[in-house]
Each structure stands twice: as C-alpha cells, then as structure tokens.
Amino acid sequence: MIEPKSPFKGEGYYDFIISGAGCAGLSLLLQMIDSKKFTDKKILLVDKEEKNKNDRTWCFWESEPGLFNSIVFKQWSKLWYHDNVYSKLLEIDPYKYKMIRGIDFYNYCFDIIRMQKNIDLQFGKVENIESENQKATLTIDGKKIASDYIFNSILFKRPELKKQEYYLLQHFKGWIIETDCSFFNPGEATMMDFRMEQKGGVTFVYIMPFSETKALIEYTLFTENLLTAGNYDEALRNYINQVLKIDSYKVVDEEFGIIPMTNHRFGSAYNRVINIGTVGGQTKASTGYTFKFIQKNSAEIVSQLIRTGKPFLNKSSSRFHFYDSILLNILYHRKLSGPEIFTPIIKKNKPQDMLRFLDNESSLTEDLKIISSLPILPFLKAAIKQL
Ligand SMILES: Cc1cc2nc3c(=O)[nH]c(=O)nc-3n(C[C@H](O)[C@H](O)[C@H](O)COP(=O)(O)OP(=O)(O)OC[C@H]3O[C@@H](n4cnc5c(N)ncnc54)[C@H](O)[C@@H]3O)c2cc1C
C-alpha cells in the first residue's frame with residue numbers, strides 16, 4: 001500500500017527526493033524503477049556532478065546475478081591471499097568476485113532514469129536538508145524544494161565520535177598497468193597481498209587482472225592519516241618491481257580513493273529524511289566494502305515502501321557492529337599486524353564461510369568458528385573494552 005497524498009502536494013512538490021546520485025542514490029532509484037510500483041510518484045534526483053567520470057571501481061562478491069550484472073566489467077572465482085610466508089588460492093564458487101567500473105554504472109543508471117517521465121534531474125550543490133513533521137526540504141543552490149521523504153547520501157560533516165568509536169581511513173592508490181610480456185592470469189585475482197612493510201598500519205595490495213598483460217594494482221592502507229602522493233607511487237613501483245618482478249610496464253590509468261572505516265552509528269533516519277549509502281551506515285566498518293550492503297539496503301527500503309508506504313526499516317542486528325568495533329579497536333591501537341589478523345582466518349576457514357561472515361550473513365555458530373581462529377587474547381581484551 002502506498003501512502004495517501006500529503007496535504008502539501010502541488011507544483012514543485014515531490015513524493016521522493018534522492019539527494020546524491022552516487023552508488024546509493026542510483027541503486028535505490030534503479031530498484032524503485034525495476035519494481036514498477038512508483039510510476040505514479042514524482043521523484044527528484046539531485047547531485048552536484050553530472051557523474052560522467054570513471055571516478056571509482058566497485059568490487060564485491062555475490063553468488064547470484066544482481067541488478068547490475070549486465071555491466072560487470074570482469075569477474076573471478078579464484079582469489080589469491082599472500083603474506084611473507086604463506087600463500088593460498090581461494091576457490092570461492094558459487095560466489096564470484098565482480099568488478100563494476102564507475103562510469104559504466106553511472107551511464108547505465110542515467111540511461112534508464114532519463115527514460116522515466118516521473119523523474120526529474122537537477123544538478124547543483126545541496127546546502128541543507130531539513131525534516132519537519134509531515135515533509136522534508138532540501139536547499140539546492142539557494143532554492144528550497146519539498147517532498148514527502150528525502151533519501152540522503154551526502155555527508156555534510158564528519159561525525160562527532162563518542163567513546164570507543166573509531167574513524168580510520170581506508171586509502172588506496174591504484175594503477176592500471178600494461179606489461180610488454182604476458183604476466184597475469186586473468187582467471188585469478190589477488191584479494192590481499194601483505195608482502196610489504198607493515199609499519200604504518202595494515203598495508204596490502206590487491207590485483208585485478210583484466211588480461212595477461214593488463215591489471216589494476218591497488219596499494220591500500222587502513223590508517224588514521226593519508227600518505228603524500230609520492231609515497232603511494234613509490235610503494236606501487238616497489239611492489240611491481242620487487243614483489244611481482246615486472247620491470248617493463250606502462251601506467252595507463254590511475255585511481256585514488258578514501259573510504260571511512262568507522263563504528264560510529266550514523267542515524268539511519270530522522271523524521272522524513274532517510275540516510276542511505278555510507279552516510280546511512282552501509283560501509284562495513286572493518287573492511288570498507290559497501291556496494292553489496294547498499295544493494296541489500298535499497299532492496300529492503302523498496303520492499304518496505306511497497307508494503308507499508310513508509311521507508312523506515314527495523315534496526316539491524318548489532319552483533320556484526322560489535323565484531324567490527326572489536327577489529328577497529330585492534331587496528332586503531334595497532335595490536336596486531338594485517339597478517340596476524342587475516343592469515344589465521346584464511347588458513348582455518350572455508351572461503352565461502354569467510355565471505356558469508358563478511359557479508360553479515362553468517363549464523364552465530366558460524367561466527368564462533370571464524371572468531372575461534374583468531375588470536376584469542378588481543379581480541380578478548382578489545383572485546384571487553386568495546387563492551
Ligand atoms: C575510489 C573508491 C573505490 C571504492 N571501491 C569500493 C569497492 O571496490 N567495493 C565496495 O564495496 N566499496 C567501494 N567503495 C566504497 C563505496 O562503495 C563507495 O564510496 C560508494 O560510492 C558509496 O556510495 P554512496 O552513495 O554512499 O556515496 P557516493 O557514491 O560518493 O555518492 C554521493 C553523491 O553525493 C554527491 N554529493 C556530495 N556532496 C554533495 C552536495 N553538497 N550537493 C550535491 N551532491 C553532493 C556526490 O557527487 C556523489 O555523487 C569505494 C569508494 C571509493 C571512493
């Protein structure tokens with residue numbers, strides 16, 4: 001059942017405003033369109049950018065084809081894990097590790113959105129979002145627009161942290177390189193390679209090969225502060241030369257990104273404003289993975305809207321939030337290195353169980369099995385602190 005018309009409706013009033021046309025805004029809108037249940041609703045999508053740049057690539061795993069399967073750029077079912085003394089090739093079937101390029105995602109979504117008569121687009125800077133009793137308003141380039149609900153994915157300011165809340169940065173620089181000779185196996189990606197200095201905090205490289213001669217190589221850190229631009233380049237050069245032993249290659253593209261890793265509880269909704277995406281708490285604090293959580297959250301919002309006319313969801317289980325907080329505590333205080341945390345999990349568990357755990361989809365018994373593979377003492381101390 002869809003909610004009855006609001007008393008404020010009229011020219012320039014929307015049923016829904018989607019504030020931010022990034023991963024969360026576009027995923028939600030595409031799922032609304034796909035359901036065909038909102039064709040009589042007036043929807044406004046706003047962003048400050050026209051989304052015509054390949055500003056990121058999303059990697060995630062899933063066992064079934066998702067809504068965006070037709071634009072998956074590349075996928076792998078074998079993933080390498082390396083530290084200085086241990087290597088393992090993880091066979092993750094029925095999961096596939098998938099990559100979607102930002103530009104393909106934006107083009108695909110906007111092509112569909114532009115065909116919808118009930119959806120308006122506006123490009124400009126959102127200055128403010130407010131919620132009153134029966135409507136929500138958004139100020140864009142000085143102009144106020146009202147709607148029944150606003151779905152917001154814009155972070156207006158960094159959150160103020162409470163006790164035992166952490167805010168680490170997952171920051172990475174990636175190069176797409178082309179080698180002269182065949183070097184990569186396009187059927188096997190590298191999820192985590194720790195064969196490098198760990199003194200600044202958890203530091204690893206992941207590799208997504210597109211062909212035998214072309215791959216994305218991403219140098220990644222979980223730390224409080226960023227490096228200088230030159231530090232990332234130097235680390236990438238060293239890794240390619242010393243670990244991969246490639247001396248002849250050219251860099252054909254690059255990306256830089258920062259993902260907040262925080263156990264801060266972003267409010268998921270206040271009155272008529274519903275936070276989505278990273279701002280809605282959809283970034284997993286301990287890994288930075290967000291894409292799949294956004295898809296699940298969008299599907300839940302759409303189904304709730306169709307069933308009740310309202311977009312509010314029940315609070316999700318805090319069990320996984322607690323696990324994430326413990327890991328953030330360990331990372332923040334540098335109690336263990338990356339390999340000390342991840343190698344035991346990889347060694348002692350099936351990759352499918354680990355992926356389900358990272359998806360927040362495992363049962364308590366399955367969680368205990370994964371947790372029991374970790375070094376007990378530091379995790380126990382961190383757990384007591386977080387409690
Ligand atoms: C480079 C990079 C790579 C990533 N890779 C992965 C990955 O491989 N796997 C994964 O799961 N997650 C990944 N993430 C994390 C996460 O999936 C992305 O950050 C994702 O885009 C988050 O979606 P979102 O909608 O919350 O934010 P965004 O996609 O950033 O969307 C927010 C939108 O709001 C707009 N906006 C911001 N301020 C304003 C304003 N004042 N007025 C108007 N518009 C505004 C922006 O232009 C943007 O379009 C990556 C993040 C980055 C930065």
# chains A, B, ... in the order shown; residues from 1 in each chain; ligands from 1
>>> residues_near_ligand(ligand="ligand 1", cutoff="8 Å", atoms="only C-alpha atoms and all ligand atoms", output="PDB file with N, CA and C atoms, in the first residue's frame")
ATOM      1  N   SER A  19      18.845  12.508  -2.736  1.00  0.00           N
ATOM      2  CA  SER A  19      19.880  13.517  -2.612  1.00  0.00           C
ATOM      3  C   SER A  19      21.236  12.832  -2.722  1.00  0.00           C
ATOM      4  N   GLY A  20      21.889  13.012  -3.872  1.00  0.00           N
ATOM      5  CA  GLY A  20      23.158  12.330  -4.150  1.00  0.00           C
ATOM      6  C   GLY A  20      22.930  11.222  -5.164  1.00  0.00           C
ATOM      7  N   ALA A  21      23.530  11.393  -6.364  1.00  0.00           N
ATOM      8  CA  ALA A  21      23.373  10.383  -7.425  1.00  0.00           C
ATOM      9  C   ALA A  21      24.639   9.543  -7.525  1.00  0.00           C
ATOM     10  N   GLY A  22      25.076   9.043  -6.370  1.00  0.00           N
ATOM     11  CA  GLY A  22      26.215   8.125  -6.356  1.00  0.00           C
ATOM     12  C   GLY A  22      25.707   6.703  -6.286  1.00  0.00           C
ATOM     13  N   CYS A  23      26.500   5.836  -5.700  1.00  0.00           N
ATOM     14  CA  CYS A  23      26.140   4.414  -5.670  1.00  0.00           C
ATOM     15  C   CYS A  23      24.794   4.189  -4.975  1.00  0.00           C
ATOM     16  N   ALA A  24      24.592   4.812  -3.801  1.00  0.00           N
ATOM     17  CA  ALA A  24      23.374   4.535  -3.029  1.00  0.00           C
ATOM     18  C   ALA A  24      22.141   5.160  -3.682  1.00  0.00           C
ATOM     19  N   GLY A  25      22.241   6.440  -4.074  1.00  0.00           N
ATOM     20  CA  GLY A  25      21.093   7.132  -4.676  1.00  0.00           C
ATOM     21  C   GLY A  25      20.648   6.417  -5.945  1.00  0.00           C
ATOM     22  N   LEU A  26      21.616   6.081  -6.805  1.00  0.00           N
ATOM     23  CA  LEU A  26      21.268   5.454  -8.085  1.00  0.00           C
ATOM     24  C   LEU A  26      20.783   4.016  -7.883  1.00  0.00           C
ATOM     25  N   VAL A  46      19.036  14.598  -7.287  1.00  0.00           N
ATOM     26  CA  VAL A  46      19.943  15.762  -7.347  1.00  0.00           C
ATOM     27  C   VAL A  46      21.381  15.337  -7.066  1.00  0.00           C
ATOM     28  N   ASP A  47      22.309  16.036  -7.707  1.00  0.00           N
ATOM     29  CA  ASP A  47      23.730  15.827  -7.429  1.00  0.00           C
ATOM     30  C   ASP A  47      24.470  17.072  -7.891  1.00  0.00           C
ATOM     31  N   LYS A  48      25.655  17.281  -7.302  1.00  0.00           N
ATOM     32  CA  LYS A  48      26.439  18.447  -7.724  1.00  0.00           C
ATOM     33  C   LYS A  48      27.233  18.145  -8.998  1.00  0.00           C
ATOM     34  N   GLU A  49      27.352  16.867  -9.333  1.00  0.00           N
ATOM     35  CA  GLU A  49      28.139  16.489 -10.521  1.00  0.00           C
ATOM     36  C   GLU A  49      27.273  15.757 -11.531  1.00  0.00           C
ATOM     37  N   LYS A  51      28.174  13.150 -13.092  1.00  0.00           N
ATOM     38  CA  LYS A  51      28.532  11.737 -12.999  1.00  0.00           C
ATOM     39  C   LYS A  51      28.988  11.176 -14.359  1.00  0.00           C
ATOM     40  N   ASP A  55      35.152   7.613 -11.777  1.00  0.00           N
ATOM     41  CA  ASP A  55      35.818   8.057 -10.551  1.00  0.00           C
ATOM     42  C   ASP A  55      36.095   6.920  -9.561  1.00  0.00           C
ATOM     43  N   ARG A  56      35.633   5.698  -9.823  1.00  0.00           N
ATOM     44  CA  ARG A  56      35.913   4.568  -8.925  1.00  0.00           C
ATOM     45  C   ARG A  56      35.540   3.251  -9.602  1.00  0.00           C
ATOM     46  N   THR A  57      36.089   2.170  -9.050  1.00  0.00           N
ATOM     47  CA  THR A  57      35.620   0.846  -9.486  1.00  0.00           C
ATOM     48  C   THR A  57      35.104   0.145  -8.235  1.00  0.00           C
ATOM     49  N   TRP A  58      34.016  -0.569  -8.381  1.00  0.00           N
ATOM     50  CA  TRP A  58      33.473  -1.310  -7.239  1.00  0.00           C
ATOM     51  C   TRP A  58      33.770  -2.789  -7.399  1.00  0.00           C
ATOM     52  N   CYS A  59      34.320  -3.392  -6.361  1.00  0.00           N
ATOM     53  CA  CYS A  59      34.492  -4.840  -6.321  1.00  0.00           C
ATOM     54  C   CYS A  59      33.637  -5.373  -5.179  1.00  0.00           C
ATOM     55  N   PHE A  60      33.065  -6.517  -5.395  1.00  0.00           N
ATOM     56  CA  PHE A  60      32.184  -7.141  -4.391  1.00  0.00           C
ATOM     57  C   PHE A  60      31.994  -8.584  -4.820  1.00  0.00           C
ATOM     58  N   MET A  99      33.677  -6.978 -10.623  1.00  0.00           N
ATOM     59  CA  MET A  99      34.127  -5.585 -10.700  1.00  0.00           C
ATOM     60  C   MET A  99      33.208  -4.797 -11.633  1.00  0.00           C
ATOM     61  N   PHE A 123      21.058  19.338 -11.245  1.00  0.00           N
ATOM     62  CA  PHE A 123      22.459  19.350 -10.838  1.00  0.00           C
ATOM     63  C   PHE A 123      22.765  20.656 -10.116  1.00  0.00           C
ATOM     64  N   GLY A 124      23.271  20.578  -8.907  1.00  0.00           N
ATOM     65  CA  GLY A 124      23.606  21.762  -8.118  1.00  0.00           C
ATOM     66  C   GLY A 124      24.068  21.321  -6.753  1.00  0.00           C
ATOM     67  N   LYS A 125      24.538  22.289  -5.951  1.00  0.00           N
ATOM     68  CA  LYS A 125      25.078  21.921  -4.643  1.00  0.00           C
ATOM     69  C   LYS A 125      23.960  21.896  -3.594  1.00  0.00           C
ATOM     70  N   VAL A 126      23.786  20.764  -2.964  1.00  0.00           N
ATOM     71  CA  VAL A 126      22.804  20.683  -1.873  1.00  0.00           C
ATOM     72  C   VAL A 126      23.440  21.329  -0.645  1.00  0.00           C
ATOM     73  N   GLU A 127      22.756  22.359  -0.112  1.00  0.00           N
ATOM     74  CA  GLU A 127      23.343  23.072   1.038  1.00  0.00           C
ATOM     75  C   GLU A 127      22.818  22.557   2.359  1.00  0.00           C
ATOM     76  N   ILE A 140      18.904  23.602  -2.519  1.00  0.00           N
ATOM     77  CA  ILE A 140      19.909  23.380  -3.567  1.00  0.00           C
ATOM     78  C   ILE A 140      20.140  24.702  -4.297  1.00  0.00           C
ATOM     79  N   SER A 153      22.336  10.713   0.671  1.00  0.00           N
ATOM     80  CA  SER A 153      23.633  10.018   0.719  1.00  0.00           C
ATOM     81  C   SER A 153      24.781  11.029   0.783  1.00  0.00           C
ATOM     82  N   ILE A 154      24.461  12.277   1.134  1.00  0.00           N
ATOM     83  CA  ILE A 154      25.513  13.309   1.206  1.00  0.00           C
ATOM     84  C   ILE A 154      25.995  13.448   2.654  1.00  0.00           C
ATOM     85  N   LEU A 155      27.310  13.390   2.809  1.00  0.00           N
ATOM     86  CA  LEU A 155      27.894  13.595   4.152  1.00  0.00           C
ATOM     87  C   LEU A 155      28.224  15.085   4.272  1.00  0.00           C
ATOM     88  N   PHE A 156      27.469  15.799   5.121  1.00  0.00           N
ATOM     89  CA  PHE A 156      27.688  17.240   5.234  1.00  0.00           C
ATOM     90  C   PHE A 156      28.871  17.566   6.137  1.00  0.00           C
ATOM     91  N   PHE A 172      43.677   4.332  -0.726  1.00  0.00           N
ATOM     92  CA  PHE A 172      44.355   3.486  -1.719  1.00  0.00           C
ATOM     93  C   PHE A 172      44.649   4.260  -2.981  1.00  0.00           C
ATOM     94  N   GLU A 255      43.694   5.481 -10.039  1.00  0.00           N
ATOM     95  CA  GLU A 255      42.578   5.940  -9.202  1.00  0.00           C
ATOM     96  C   GLU A 255      43.088   6.135  -7.777  1.00  0.00           C
ATOM     97  N   PHE A 256      42.435   7.058  -7.083  1.00  0.00           N
ATOM     98  CA  PHE A 256      42.765   7.264  -5.680  1.00  0.00           C
ATOM     99  C   PHE A 256      41.444   7.307  -4.926  1.00  0.00           C
ATOM    100  N   GLY A 257      41.414   6.734  -3.735  1.00  0.00           N
ATOM    101  CA  GLY A 257      40.156   6.761  -3.000  1.00  0.00           C
ATOM    102  C   GLY A 257      40.359   6.700  -1.504  1.00  0.00           C
ATOM    103  N   ILE A 258      39.359   7.198  -0.803  1.00  0.00           N
ATOM    104  CA  ILE A 258      39.356   7.118   0.662  1.00  0.00           C
ATOM    105  C   ILE A 258      37.976   6.615   1.073  1.00  0.00           C
ATOM    106  N   ILE A 259      37.962   5.575   1.896  1.00  0.00           N
ATOM    107  CA  ILE A 259      36.685   5.068   2.423  1.00  0.00           C
ATOM    108  C   ILE A 259      36.765   5.158   3.944  1.00  0.00           C
ATOM    109  N   ILE A 276      21.115   6.993   3.428  1.00  0.00           N
ATOM    110  CA  ILE A 276      21.452   5.776   2.673  1.00  0.00           C
ATOM    111  C   ILE A 276      22.949   5.798   2.338  1.00  0.00           C
ATOM    112  N   GLY A 277      23.467   4.685   1.868  1.00  0.00           N
ATOM    113  CA  GLY A 277      24.881   4.628   1.467  1.00  0.00           C
ATOM    114  C   GLY A 277      25.807   4.742   2.666  1.00  0.00           C
ATOM    115  N   THR A 278      26.985   5.266   2.446  1.00  0.00           N
ATOM    116  CA  THR A 278      27.965   5.392   3.522  1.00  0.00           C
ATOM    117  C   THR A 278      27.381   6.181   4.695  1.00  0.00           C
ATOM    118  N   VAL A 279      26.661   7.256   4.383  1.00  0.00           N
ATOM    119  CA  VAL A 279      26.062   8.094   5.433  1.00  0.00           C
ATOM    120  C   VAL A 279      24.947   7.354   6.179  1.00  0.00           C
ATOM    121  N   GLY A 280      24.415   6.336   5.546  1.00  0.00           N
ATOM    122  CA  GLY A 280      23.366   5.532   6.193  1.00  0.00           C
ATOM    123  C   GLY A 280      23.955   4.308   6.882  1.00  0.00           C
ATOM    124  N   GLN A 282      26.121   2.077   5.627  1.00  0.00           N
ATOM    125  CA  GLN A 282      26.207   0.876   4.774  1.00  0.00           C
ATOM    126  C   GLN A 282      27.650   0.472   4.433  1.00  0.00           C
ATOM    127  N   THR A 283      28.632   1.236   4.922  1.00  0.00           N
ATOM    128  CA  THR A 283      30.021   0.819   4.723  1.00  0.00           C
ATOM    129  C   THR A 283      30.416  -0.073   5.884  1.00  0.00           C
ATOM    130  N   GLY A 288      35.452  -1.778   4.742  1.00  0.00           N
ATOM    131  CA  GLY A 288      35.204  -0.723   3.763  1.00  0.00           C
ATOM    132  C   GLY A 288      34.275  -1.166   2.637  1.00  0.00           C
ATOM    133  N   TYR A 289      33.964  -2.476   2.540  1.00  0.00           N
ATOM    134  CA  TYR A 289      33.046  -2.909   1.478  1.00  0.00           C
ATOM    135  C   TYR A 289      31.671  -2.278   1.707  1.00  0.00           C
ATOM    136  N   THR A 290      31.076  -1.772   0.631  1.00  0.00           N
ATOM    137  CA  THR A 290      29.828  -1.016   0.746  1.00  0.00           C
ATOM    138  C   THR A 290      28.815  -1.415  -0.324  1.00  0.00           C
ATOM    139  N   PHE A 291      29.324  -1.730  -1.532  1.00  0.00           N
ATOM    140  CA  PHE A 291      28.446  -1.884  -2.701  1.00  0.00           C
ATOM    141  C   PHE A 291      27.298  -2.870  -2.441  1.00  0.00           C
ATOM    142  N   LYS A 292      27.637  -4.056  -1.939  1.00  0.00           N
ATOM    143  CA  LYS A 292      26.613  -5.086  -1.738  1.00  0.00           C
ATOM    144  C   LYS A 292      25.648  -4.697  -0.611  1.00  0.00           C
ATOM    145  N   PHE A 293      26.191  -4.029   0.446  1.00  0.00           N
ATOM    146  CA  PHE A 293      25.318  -3.600   1.546  1.00  0.00           C
ATOM    147  C   PHE A 293      24.319  -2.555   1.033  1.00  0.00           C
ATOM    148  N   ILE A 294      24.785  -1.703   0.122  1.00  0.00           N
ATOM    149  CA  ILE A 294      23.878  -0.706  -0.474  1.00  0.00           C
ATOM    150  C   ILE A 294      22.765  -1.411  -1.247  1.00  0.00           C
TER     151      ILE A 294
END
>>> residues_around(residues="A:Asn133", least_positions_apart="3", cutoff="10 Å", atoms="only C-alpha atoms", output="list in words")
Ala136, Asp148, Asn271 and Arg272 of chain A
>>> residues_around(residues="A:Met208", least_positions_apart="5", cutoff="7 Å", atoms="only C-alpha atoms", output="ChimeraX atom specification")
/A:189-190,215-217
>>> write_last_selection(atoms="C-alpha atoms", output="mmCIF file, in the first residue's frame")
data_model
loop_
_atom_site.group_PDB
_atom_site.id
_atom_site.type_symbol
_atom_site.label_atom_id
_atom_site.label_comp_id
_atom_site.auth_asym_id
_atom_site.auth_seq_id
_atom_site.Cartn_x
_atom_site.Cartn_y
_atom_site.Cartn_z
ATOM 1 C CA ALA A 189 42.726 -12.072 -8.863
ATOM 2 C CA THR A 190 44.677 -11.209 -5.689
ATOM 3 C CA ALA A 215 45.752 -5.331 -14.464
ATOM 4 C CA LEU A 216 44.613 -2.904 -11.782
ATOM 5 C CA ILE A 217 47.111 -2.914 -8.910
#
>>> closest_atom_pairs(of="stretch 54-168 of chain A", to="stretch 331-338 of chain A", cutoff="10 Å", atoms="only C-alpha atoms", output="Markdown table")
| residue | atom | partner | partner_atom | distance |
| --- | --- | --- | --- | --- |
| A:Asp83 | CA | A:Gly338 | CA | 9.0 |
| A:Tyr166 | CA | A:Tyr332 | CA | 7.3 |
| A:Tyr167 | CA | A:Tyr332 | CA | 8.5 |
| A:Leu168 | CA | A:Tyr332 | CA | 7.2 |
>>> select_by_dssp(residues="stretch 31-211 of chain A", states="strand (DSSP E or B)", output="ChimeraX atom specification")
/A:43-47,57-62,74-76,78-82,87-91,96-101,119-123,126-131,136-140,143-152,167-179,188-193,202-209
>>> residues_around(residues="stretch 375-385 of chain A", least_positions_apart="2", cutoff="10 Å", atoms="only C-alpha atoms", output="PDB file with C-alpha atoms, in the first residue's frame")
ATOM      1  CA  GLN A 164      35.034   3.720  21.840  1.00  0.00           C
ATOM      2  CA  PHE A 322      30.183  -5.305  17.723  1.00  0.00           C
ATOM      3  CA  TYR A 323      32.601  -7.542  15.757  1.00  0.00           C
ATOM      4  CA  SER A 325      34.137  -2.423  16.593  1.00  0.00           C
ATOM      5  CA  ILE A 326      36.498  -5.025  18.046  1.00  0.00           C
ATOM      6  CA  LEU A 327      38.500  -5.206  14.831  1.00  0.00           C
ATOM      7  CA  LEU A 328      38.630  -1.412  14.571  1.00  0.00           C
ATOM      8  CA  ASN A 329      39.896  -1.267  18.160  1.00  0.00           C
ATOM      9  CA  ILE A 330      42.692  -3.718  17.214  1.00  0.00           C
ATOM     10  CA  HIS A 333      45.683   0.603  18.590  1.00  0.00           C
ATOM     11  CA  LYS A 335      47.700  -4.502  18.500  1.00  0.00           C
ATOM     12  CA  LEU A 336      48.166  -6.931  15.609  1.00  0.00           C
ATOM     13  CA  GLU A 340      48.411 -11.711  12.232  1.00  0.00           C
ATOM     14  CA  ILE A 341      44.698 -10.995  11.836  1.00  0.00           C
ATOM     15  CA  PRO A 344      44.652 -17.454  10.624  1.00  0.00           C
ATOM     16  CA  ILE A 345      41.164 -16.738   9.237  1.00  0.00           C
ATOM     17  CA  ILE A 371      36.275 -15.976  15.756  1.00  0.00           C
ATOM     18  CA  SER A 372      37.950 -19.040  17.309  1.00  0.00           C
ATOM     19  CA  SER A 373      40.563 -18.976  14.526  1.00  0.00           C
ATOM     20  CA  LEU A 387      31.592  -3.726  25.805  1.00  0.00           C
TER      21      LEU A 387
END
>>> select_by_dssp(residues="stretch 108-189 of chain A", states="alpha helix (DSSP H)", output="PyMOL selection string")
chain A and resi 108-113
>>> residues_around(residues="A:Gln304", least_positions_apart="2", cutoff="12 Å", atoms="only C-alpha atoms", output="list in words")
Met1, Ile2, Glu3, Met32, Lys37, Asn297, Ser298, Ala299, Glu300, Ile301, Val302, Ile306, Arg307, Thr308, Gly309, Lys310, Pro311, Phe312, Leu313 and Asn314 of chain A
>>> write_last_selection(atoms="N, CA and C atoms", output="mmCIF file, in the first residue's frame")
data_model
loop_
_atom_site.group_PDB
_atom_site.id
_atom_site.type_symbol
_atom_site.label_atom_id
_atom_site.label_comp_id
_atom_site.auth_asym_id
_atom_site.auth_seq_id
_atom_site.Cartn_x
_atom_site.Cartn_y
_atom_site.Cartn_z
ATOM 1 N N MET A 1 0.838 -1.201 0.000
ATOM 2 C CA MET A 1 0.000 0.000 0.000
ATOM 3 C C MET A 1 0.875 1.255 0.000
ATOM 4 N N ILE A 2 0.606 2.196 -0.898
ATOM 5 C CA ILE A 2 1.387 3.436 -0.949
ATOM 6 C C ILE A 2 0.636 4.497 -0.120
ATOM 7 N N GLU A 3 1.377 5.332 0.596
ATOM 8 C CA GLU A 3 0.775 6.330 1.495
ATOM 9 C C GLU A 3 -0.168 7.299 0.764
ATOM 10 N N MET A 32 13.775 1.068 -7.437
ATOM 11 C CA MET A 32 12.385 1.579 -7.461
ATOM 12 C C MET A 32 11.818 1.447 -8.874
ATOM 13 N N LYS A 37 6.540 -0.022 -9.288
ATOM 14 C CA LYS A 37 5.472 0.343 -8.349
ATOM 15 C C LYS A 37 5.438 1.850 -8.064
ATOM 16 N N ASN A 297 20.322 -2.890 1.268
ATOM 17 C CA ASN A 297 19.570 -1.829 1.943
ATOM 18 C C ASN A 297 18.526 -1.221 0.995
ATOM 19 N N SER A 298 18.909 -0.994 -0.271
ATOM 20 C CA SER A 298 17.961 -0.422 -1.245
ATOM 21 C C SER A 298 16.781 -1.368 -1.436
ATOM 22 N N ALA A 299 17.090 -2.676 -1.557
ATOM 23 C CA ALA A 299 16.009 -3.656 -1.769
ATOM 24 C C ALA A 299 15.051 -3.653 -0.575
ATOM 25 N N GLU A 300 15.605 -3.525 0.629
ATOM 26 C CA GLU A 300 14.749 -3.520 1.833
ATOM 27 C C GLU A 300 13.878 -2.261 1.880
ATOM 28 N N ILE A 301 14.459 -1.117 1.526
ATOM 29 C CA ILE A 301 13.680 0.137 1.539
ATOM 30 C C ILE A 301 12.531 0.045 0.532
ATOM 31 N N VAL A 302 12.857 -0.442 -0.685
ATOM 32 C CA VAL A 302 11.826 -0.524 -1.738
ATOM 33 C C VAL A 302 10.714 -1.479 -1.301
ATOM 34 N N ILE A 306 6.786 -0.485 -0.639
ATOM 35 C CA ILE A 306 5.680 -1.138 -1.355
ATOM 36 C C ILE A 306 4.686 -1.733 -0.352
ATOM 37 N N ARG A 307 5.209 -2.308 0.720
ATOM 38 C CA ARG A 307 4.327 -2.980 1.692
ATOM 39 C C ARG A 307 3.578 -1.997 2.578
ATOM 40 N N THR A 308 4.283 -0.934 3.050
ATOM 41 C CA THR A 308 3.683 -0.090 4.091
ATOM 42 C C THR A 308 3.496 1.366 3.669
ATOM 43 N N GLY A 309 4.103 1.752 2.551
ATOM 44 C CA GLY A 309 4.027 3.156 2.141
ATOM 45 C C GLY A 309 5.058 3.997 2.868
ATOM 46 N N LYS A 310 5.793 3.396 3.782
ATOM 47 C CA LYS A 310 6.806 4.145 4.545
ATOM 48 C C LYS A 310 8.175 3.476 4.359
ATOM 49 N N PRO A 311 9.243 4.299 4.375
ATOM 50 C CA PRO A 311 10.555 3.717 4.068
ATOM 51 C C PRO A 311 11.383 3.320 5.283
ATOM 52 N N PHE A 312 10.775 3.303 6.462
ATOM 53 C CA PHE A 312 11.578 3.059 7.670
ATOM 54 C C PHE A 312 11.811 1.573 7.904
ATOM 55 N N LEU A 313 13.062 1.223 8.194
ATOM 56 C CA LEU A 313 13.414 -0.187 8.408
ATOM 57 C C LEU A 313 13.635 -0.434 9.887
ATOM 58 N N ASN A 314 13.423 -1.678 10.289
ATOM 59 C CA ASN A 314 13.759 -2.035 11.673
ATOM 60 C C ASN A 314 15.266 -1.985 11.837
#
